[in-house]
Amino acid sequence: MSALPPPDTIEGRVAWIFGDDFDIDLVIGVENIKHYDPDVLRSVCMRHYDPAFADEVRPGDVVVGGRNFGYGHPHYPPMVALRNLGIAAVVAESFSPGFWRGETYNGMPLLTVPGITRAVRRWDRVSIDWRRPAVRLARQDAELTGEPLSERVVKVIEAGGSLNLLLAEHRRARATG
Amino acid sequence: MGRTITEKILGRTAEGPPVRARDNRAFRPDHMIAYDFPGYTDVMFRQMHDDFGITELDDPERYLVFIDHMLTRGDAKEEAVHQVTRDWCDFYGITLHEAEGIGHQVAAELGYALPGRFLIHFDGHISGLGAFGALGWGVRRDLLEAWVTGRIHLDVPESVRFELTGSFPEGVDNRDLIHTIIARLGADGCAHQVMEFTGPGARSMSIDRRQGLCGMAMFTGAVSAIFNPDELSLDYARKVSGAVPEPLYSDPDAVYAGVHEIDLSELEPQVVLPGSARGANTRGVSALKGTPVTKAFIGSCASGRLEDIRAAAQVLRGRRVSDGVQLNVVPTSAAIHRRAEEEGLLDVLRDAGAAVATSSCDFCFGYQKPLKAGENCVSTGVLNISGRMGDTGAHIYMGSAYTVAASAVTGEISDVREVTGP
């Protein structure tokens with residue numbers, strides 16, 4: 001489930017704004033949390049929020065979350081579903097630790113940017129320098145900055161996920177060892 | 001400036017200068033634990049072998065695998081899952097514990113959770129080992145990093161201190177404490193932090209209660225929870241291990257992100273509404289009194305230890321499980337099962353009409369006797385999200401073993417103090 005690394009600046013739109021303590025499993029519904037089939041995931045992704053979501057989202061779009069995004073007992077398929085549609089990052093007020101660890105491993109940029117939920121509306125254009133991180137808001141001509149990622153997490157995202165990074169490090173260690 | 005027990009334990013396992021909260025460093029866990037489950041262990045072993053080309057481990061004694069899920073159907077499918085795990089453990093020389101109980105408990109019984117030790121697992125309930133002055137951290141798929149490199153990169157967490165006074169009143173236990181904390185601080189009240197339990201109230205708690213409390217840390221957003229060692233936990237360590245390492249303690253001037261004072265004697269029985277353990281779902285038992293139930297469950301890595309079974313037996317002695325209610329009791333480990341049998345507790349439960357099952361994780365995740373749509377279950381399991389114990393249309397209320405036993409007797413959610421009387 002490793003991802004392609006994101007570009008230096010993610011250019012897209014705010015595809016959805018979730019509230020606080022959002023349980024990521026609801027993106028596809030708890031009855032679907034064991035599916036990995038892309039067609040199934042596409043057919044159920046965000047269906048209960050906006051039936052047209054899958055058709056309207058474009059690669060580079062992001063989703064925005066409130067406090068403690070990913071709370072609950074997060075499974076992986078919901079984020080696979082969003083990633084398959086092109087969602088390039090999650091920008092939230094804060095993240096639930098279990099979700100943060102699991103999806104960082106998978107290479108998804110998870111950016112903690114206080115104030116983001118009040119600053120944006122659905123379909124606003126944003127450009128995101130994910131390393132800083134900074135979110136440029138085109139409509140307001142403003143910028144929000146968030147909590148910096150650790151050096152290690154930057155490497156994980158640049159590699160497209162932990163597995164890719166570990167494999168690269170392992171190959172280097174073997175070559176020099 | 002002093003350091004917390006968490007900073008000291010992590011510092012013990014890192015190279016370089018002393019570690020402080022917010023550092024990101026690589027740590028070398030004493031033990032790297034997993035339970036076999038399709039999509040987890042089979043994938044990790046295959047990655048380690050095929051993708052990383054690792055065919056031999058330098059230190060297989062640091063790896064530990066449990067078979068504690070999928071033990072109760074006895075069909076070809078679960079046997080095939082376990083055989084894959086057995087074969088890999090055999091190949092790498094990894095110790096495998098099969099059907100001895102829930103790994104988070106068995107790890108303690110086998111002497112892995114000694115004071116000052118750092119243990120990781122992909123599953124977050126490993127935090128229960130904090131009862132022993134060890135640090136248990138659920139790292140999800142990052143376990144692979146530790147398995148293939150021997151080390152894992154982590155942000156050193158800040159600690160939040162819970163200064164506990166008093167002791168639990170009759171009919172109240174660690175489940176009521178953790179749900180009270182969640183209700184007061186919120187589901188992210190301790191996000192990315194370690195909960196450190198201190199004070200006379202902490203010292204008044206039995207080992208079972210400490211394990212159950214620490215094991216639920218994730219529902220406050222915490223990455224783990226811990227007690228400083230004391231005579232009780234050091235006695236336990238001496239019993240399960242020949243060589244107890246020098247214990248580590250927080251310094252008196254350690255820095256905490258916050259301090260919360262809680263008087264245990266003021267706590268009331270709590271019940272959590274179906275959906276999640278979030279604070280807004282937590283109610284004093286009186287608010288839900290009378291809610292009908294047909295299923296009741298006592299067990300899991302958070303509840304199901306001897307103290308929980310004693311609590312259930314205390315309620316059920318001389319009483320009967322209500323007609324129309326099925327009460328299932330699953331001791332957390334085989335050793336606890338034996339002890340409960342020797343104490344006559346399981347006879348009390350069976351005489352009252354409860355079904356006692358051998359130890360596993362299977363009830364708690366809906367594998368054994370799954371709930372049907374529309375059923376109400378009152379449970380000491382760790383999770384009450386939709387679909388957790390069976391059909392997504394079943395409703396799971398969570399509470400302590402006291403509350404579950406009392407509710408099983410009346411057939412509706414009940415206050416144990418009213419069921420057993422003064």
# chains A, B, ... in the order shown; residues from 1 in each chain; ligands from 1

call {"tool": "residues_around", "arguments": {"residues": "Tyr63 in chain B", "least_positions_apart": "6", "cutoff": "8 Å", "atoms": "only C-alpha atoms", "output": "count of residues only"}}
result
6

call {"tool": "residues_around", "arguments": {"residues": "Pro148 in chain A", "least_positions_apart": "3", "cutoff": "12 Å", "atoms": "only C-alpha atoms", "output": "PyMOL selection string"}}
result
(chain A and resi 109-113+129-134+145+151-154) or (chain B and resi 22)

call {"tool": "select_by_dssp", "arguments": {"residues": "range 374-416 of chain B", "states": "strand (DSSP E)", "output": "ChimeraX atom specification"}}
result
/B:376-379,395-398

call {"tool": "write_last_selection", "arguments": {"atoms": "C-alpha atoms", "output": "PDB file, in the first residue's frame"}}
result
ATOM      1  CA  ASN B 376     -27.913  -5.458  23.058  1.00  0.00           C
ATOM      2  CA  CYS B 377     -24.731  -6.675  24.716  1.00  0.00           C
ATOM      3  CA  VAL B 378     -23.148  -5.352  27.900  1.00  0.00           C
ATOM      4  CA  SER B 379     -19.443  -6.017  27.754  1.00  0.00           C
ATOM      5  CA  HIS B 395     -25.331  -2.591  20.163  1.00  0.00           C
ATOM      6  CA  ILE B 396     -22.426  -2.905  22.621  1.00  0.00           C
ATOM      7  CA  TYR B 397     -22.523  -1.135  25.987  1.00  0.00           C
ATOM      8  CA  MET B 398     -19.260  -1.241  27.943  1.00  0.00           C
TER       9      MET B 398
END

call {"tool": "interface_residues", "arguments": {"of": "chain B", "to": "chain A", "cutoff": "7 Å", "atoms": "only C-alpha atoms", "output": "PyMOL selection string"}}
result
chain B and resi 24+52+140-142+145+188+191-192+221+276+386+392

call {"tool": "write_last_selection", "arguments": {"atoms": "C-alpha atoms", "output": "compact mmCIF listing (two decimals), in the first residue's frame"}}
result
# COMPACT_ATOMS: atom_id res chain seq x y z
CA ASN B 24 12.74 11.88 17.53
CA PHE B 52 14.44 -7.70 2.92
CA ARG B 140 0.93 -0.58 14.24
CA ARG B 141 2.83 -1.36 11.02
CA ASP B 142 5.99 0.33 12.27
CA GLU B 145 10.88 -1.39 11.13
CA ASP B 188 -7.82 13.20 22.74
CA ALA B 191 -3.08 12.66 22.67
CA HIS B 192 0.43 11.46 21.85
CA GLY B 221 -5.34 9.38 22.75
CA SER B 276 -17.09 4.36 20.63
CA SER B 386 -20.37 -1.04 15.28
CA THR B 392 -23.02 -4.10 12.59

call {"tool": "atom_distance", "arguments": {"atom1": "CA of Gly12 in chain A", "atom2": "CA of Asp25 in chain A"}}
result
23.7 Å

call {"tool": "atom_distance", "arguments": {"atom1": "CA of His260 in chain B", "atom2": "CA of Thr4 in chain B"}}
result
16.0 Å

call {"tool": "atom_distance", "arguments": {"atom1": "CA of Trp137 in chain B", "atom2": "CA of Arg338 in chain B"}}
result
28.8 Å

call {"tool": "closest_residue", "arguments": {"among": "A:Ile17, A:Val57, A:Ala159, A:Asp37", "to": "Ile116 in chain A", "atoms": "only C-alpha atoms"}}
result
A:Ile17

call {"tool": "decode", "arguments": {"residues": "range 84-123 of chain A", "atoms": "N, CA and C atoms", "output": "PDB file, in the first residue's frame"}}
result
ATOM      1  N   ASN A  84      -7.048   6.217  -3.698  1.00  0.00           N
ATOM      2  CA  ASN A  84      -7.355   5.762  -5.064  1.00  0.00           C
ATOM      3  C   ASN A  84      -8.030   6.862  -5.879  1.00  0.00           C
ATOM      4  N   LEU A  85      -8.793   7.721  -5.184  1.00  0.00           N
ATOM      5  CA  LEU A  85      -9.481   8.800  -5.893  1.00  0.00           C
ATOM      6  C   LEU A  85      -8.560   9.999  -6.132  1.00  0.00           C
ATOM      7  N   GLY A  86      -7.370   9.952  -5.561  1.00  0.00           N
ATOM      8  CA  GLY A  86      -6.409  11.030  -5.802  1.00  0.00           C
ATOM      9  C   GLY A  86      -6.177  11.956  -4.625  1.00  0.00           C
ATOM     10  N   ILE A  87      -6.818  11.681  -3.494  1.00  0.00           N
ATOM     11  CA  ILE A  87      -6.609  12.536  -2.311  1.00  0.00           C
ATOM     12  C   ILE A  87      -5.124  12.477  -1.937  1.00  0.00           C
ATOM     13  N   ALA A  88      -4.487  13.658  -1.847  1.00  0.00           N
ATOM     14  CA  ALA A  88      -3.028  13.723  -1.733  1.00  0.00           C
ATOM     15  C   ALA A  88      -2.545  14.033  -0.323  1.00  0.00           C
ATOM     16  N   ALA A  89      -3.427  14.501   0.546  1.00  0.00           N
ATOM     17  CA  ALA A  89      -3.012  14.827   1.914  1.00  0.00           C
ATOM     18  C   ALA A  89      -4.255  14.982   2.774  1.00  0.00           C
ATOM     19  N   VAL A  90      -4.054  14.869   4.087  1.00  0.00           N
ATOM     20  CA  VAL A  90      -5.098  15.225   5.045  1.00  0.00           C
ATOM     21  C   VAL A  90      -4.548  16.375   5.881  1.00  0.00           C
ATOM     22  N   VAL A  91      -5.311  17.441   5.955  1.00  0.00           N
ATOM     23  CA  VAL A  91      -4.921  18.598   6.772  1.00  0.00           C
ATOM     24  C   VAL A  91      -5.947  18.711   7.889  1.00  0.00           C
ATOM     25  N   ALA A  92      -5.479  18.656   9.144  1.00  0.00           N
ATOM     26  CA  ALA A  92      -6.447  18.630  10.251  1.00  0.00           C
ATOM     27  C   ALA A  92      -5.964  19.495  11.412  1.00  0.00           C
ATOM     28  N   GLU A  93      -6.908  19.799  12.312  1.00  0.00           N
ATOM     29  CA  GLU A  93      -6.559  20.543  13.539  1.00  0.00           C
ATOM     30  C   GLU A  93      -5.600  19.708  14.386  1.00  0.00           C
ATOM     31  N   SER A  94      -5.865  18.402  14.473  1.00  0.00           N
ATOM     32  CA  SER A  94      -4.955  17.467  15.138  1.00  0.00           C
ATOM     33  C   SER A  94      -5.348  16.055  14.710  1.00  0.00           C
ATOM     34  N   PHE A  95      -4.453  15.105  14.960  1.00  0.00           N
ATOM     35  CA  PHE A  95      -4.691  13.723  14.539  1.00  0.00           C
ATOM     36  C   PHE A  95      -4.694  12.786  15.734  1.00  0.00           C
ATOM     37  N   SER A  96      -5.502  11.758  15.630  1.00  0.00           N
ATOM     38  CA  SER A  96      -5.485  10.687  16.618  1.00  0.00           C
ATOM     39  C   SER A  96      -4.202   9.867  16.404  1.00  0.00           C
ATOM     40  N   PRO A  97      -3.487   9.543  17.489  1.00  0.00           N
ATOM     41  CA  PRO A  97      -2.158   8.930  17.336  1.00  0.00           C
ATOM     42  C   PRO A  97      -2.134   7.627  16.526  1.00  0.00           C
ATOM     43  N   GLY A  98      -3.112   6.751  16.743  1.00  0.00           N
ATOM     44  CA  GLY A  98      -3.106   5.474  16.023  1.00  0.00           C
ATOM     45  C   GLY A  98      -3.268   5.681  14.523  1.00  0.00           C
ATOM     46  N   PHE A  99      -4.193   6.545  14.157  1.00  0.00           N
ATOM     47  CA  PHE A  99      -4.406   6.859  12.750  1.00  0.00           C
ATOM     48  C   PHE A  99      -3.147   7.496  12.162  1.00  0.00           C
ATOM     49  N   TRP A 100      -2.597   8.439  12.894  1.00  0.00           N
ATOM     50  CA  TRP A 100      -1.412   9.161  12.419  1.00  0.00           C
ATOM     51  C   TRP A 100      -0.270   8.188  12.116  1.00  0.00           C
ATOM     52  N   ARG A 101      -0.046   7.245  13.020  1.00  0.00           N
ATOM     53  CA  ARG A 101       1.058   6.311  12.837  1.00  0.00           C
ATOM     54  C   ARG A 101       0.807   5.377  11.648  1.00  0.00           C
ATOM     55  N   GLY A 102      -0.428   4.858  11.579  1.00  0.00           N
ATOM     56  CA  GLY A 102      -0.752   3.908  10.517  1.00  0.00           C
ATOM     57  C   GLY A 102      -0.669   4.538   9.136  1.00  0.00           C
ATOM     58  N   GLU A 103      -1.181   5.741   8.982  1.00  0.00           N
ATOM     59  CA  GLU A 103      -1.210   6.361   7.652  1.00  0.00           C
ATOM     60  C   GLU A 103       0.105   7.041   7.298  1.00  0.00           C
ATOM     61  N   THR A 104       0.861   7.464   8.302  1.00  0.00           N
ATOM     62  CA  THR A 104       2.212   7.957   8.008  1.00  0.00           C
ATOM     63  C   THR A 104       3.044   6.808   7.446  1.00  0.00           C
ATOM     64  N   TYR A 105       2.889   5.639   8.050  1.00  0.00           N
ATOM     65  CA  TYR A 105       3.578   4.450   7.537  1.00  0.00           C
ATOM     66  C   TYR A 105       3.255   4.264   6.050  1.00  0.00           C
ATOM     67  N   ASN A 106       1.995   4.505   5.703  1.00  0.00           N
ATOM     68  CA  ASN A 106       1.569   4.309   4.311  1.00  0.00           C
ATOM     69  C   ASN A 106       1.954   5.478   3.402  1.00  0.00           C
ATOM     70  N   GLY A 107       2.588   6.497   3.952  1.00  0.00           N
ATOM     71  CA  GLY A 107       3.125   7.572   3.126  1.00  0.00           C
ATOM     72  C   GLY A 107       2.177   8.720   2.858  1.00  0.00           C
ATOM     73  N   MET A 108       1.063   8.775   3.569  1.00  0.00           N
ATOM     74  CA  MET A 108       0.115   9.881   3.363  1.00  0.00           C
ATOM     75  C   MET A 108       0.567  11.095   4.171  1.00  0.00           C
ATOM     76  N   PRO A 109       0.746  12.266   3.541  1.00  0.00           N
ATOM     77  CA  PRO A 109       1.076  13.460   4.337  1.00  0.00           C
ATOM     78  C   PRO A 109      -0.099  13.836   5.241  1.00  0.00           C
ATOM     79  N   LEU A 110       0.131  13.799   6.542  1.00  0.00           N
ATOM     80  CA  LEU A 110      -0.888  14.176   7.528  1.00  0.00           C
ATOM     81  C   LEU A 110      -0.379  15.447   8.206  1.00  0.00           C
ATOM     82  N   LEU A 111      -1.035  16.553   7.913  1.00  0.00           N
ATOM     83  CA  LEU A 111      -0.503  17.847   8.316  1.00  0.00           C
ATOM     84  C   LEU A 111      -1.378  18.480   9.393  1.00  0.00           C
ATOM     85  N   THR A 112      -0.758  18.741  10.538  1.00  0.00           N
ATOM     86  CA  THR A 112      -1.469  19.360  11.650  1.00  0.00           C
ATOM     87  C   THR A 112      -1.393  20.872  11.482  1.00  0.00           C
ATOM     88  N   VAL A 113      -2.533  21.476  11.142  1.00  0.00           N
ATOM     89  CA  VAL A 113      -2.576  22.910  10.857  1.00  0.00           C
ATOM     90  C   VAL A 113      -3.742  23.526  11.643  1.00  0.00           C
ATOM     91  N   PRO A 114      -3.460  24.036  12.849  1.00  0.00           N
ATOM     92  CA  PRO A 114      -4.530  24.634  13.655  1.00  0.00           C
ATOM     93  C   PRO A 114      -5.233  25.769  12.899  1.00  0.00           C
ATOM     94  N   GLY A 115      -6.550  25.792  13.001  1.00  0.00           N
ATOM     95  CA  GLY A 115      -7.320  26.847  12.346  1.00  0.00           C
ATOM     96  C   GLY A 115      -7.829  26.486  10.964  1.00  0.00           C
ATOM     97  N   ILE A 116      -7.416  25.333  10.448  1.00  0.00           N
ATOM     98  CA  ILE A 116      -7.735  25.004   9.051  1.00  0.00           C
ATOM     99  C   ILE A 116      -9.238  24.861   8.815  1.00  0.00           C
ATOM    100  N   THR A 117      -9.968  24.272   9.795  1.00  0.00           N
ATOM    101  CA  THR A 117     -11.392  24.010   9.518  1.00  0.00           C
ATOM    102  C   THR A 117     -12.194  25.310   9.370  1.00  0.00           C
ATOM    103  N   ARG A 118     -11.781  26.336  10.129  1.00  0.00           N
ATOM    104  CA  ARG A 118     -12.513  27.604  10.036  1.00  0.00           C
ATOM    105  C   ARG A 118     -12.092  28.413   8.812  1.00  0.00           C
ATOM    106  N   ALA A 119     -10.897  28.111   8.306  1.00  0.00           N
ATOM    107  CA  ALA A 119     -10.342  28.941   7.238  1.00  0.00           C
ATOM    108  C   ALA A 119     -10.826  28.540   5.843  1.00  0.00           C
ATOM    109  N   VAL A 120     -11.299  27.320   5.693  1.00  0.00           N
ATOM    110  CA  VAL A 120     -11.598  26.863   4.331  1.00  0.00           C
ATOM    111  C   VAL A 120     -13.073  26.510   4.144  1.00  0.00           C
ATOM    112  N   ARG A 121     -13.486  26.567   2.887  1.00  0.00           N
ATOM    113  CA  ARG A 121     -14.798  26.073   2.468  1.00  0.00           C
ATOM    114  C   ARG A 121     -14.570  24.953   1.460  1.00  0.00           C
ATOM    115  N   ARG A 122     -15.581  24.146   1.263  1.00  0.00           N
ATOM    116  CA  ARG A 122     -15.438  23.059   0.312  1.00  0.00           C
ATOM    117  C   ARG A 122     -15.118  23.613  -1.077  1.00  0.00           C
ATOM    118  N   TRP A 123     -14.215  22.958  -1.734  1.00  0.00           N
ATOM    119  CA  TRP A 123     -13.746  23.242  -3.088  1.00  0.00           C
ATOM    120  C   TRP A 123     -12.839  24.472  -3.167  1.00  0.00           C
TER     121      TRP A 123
END
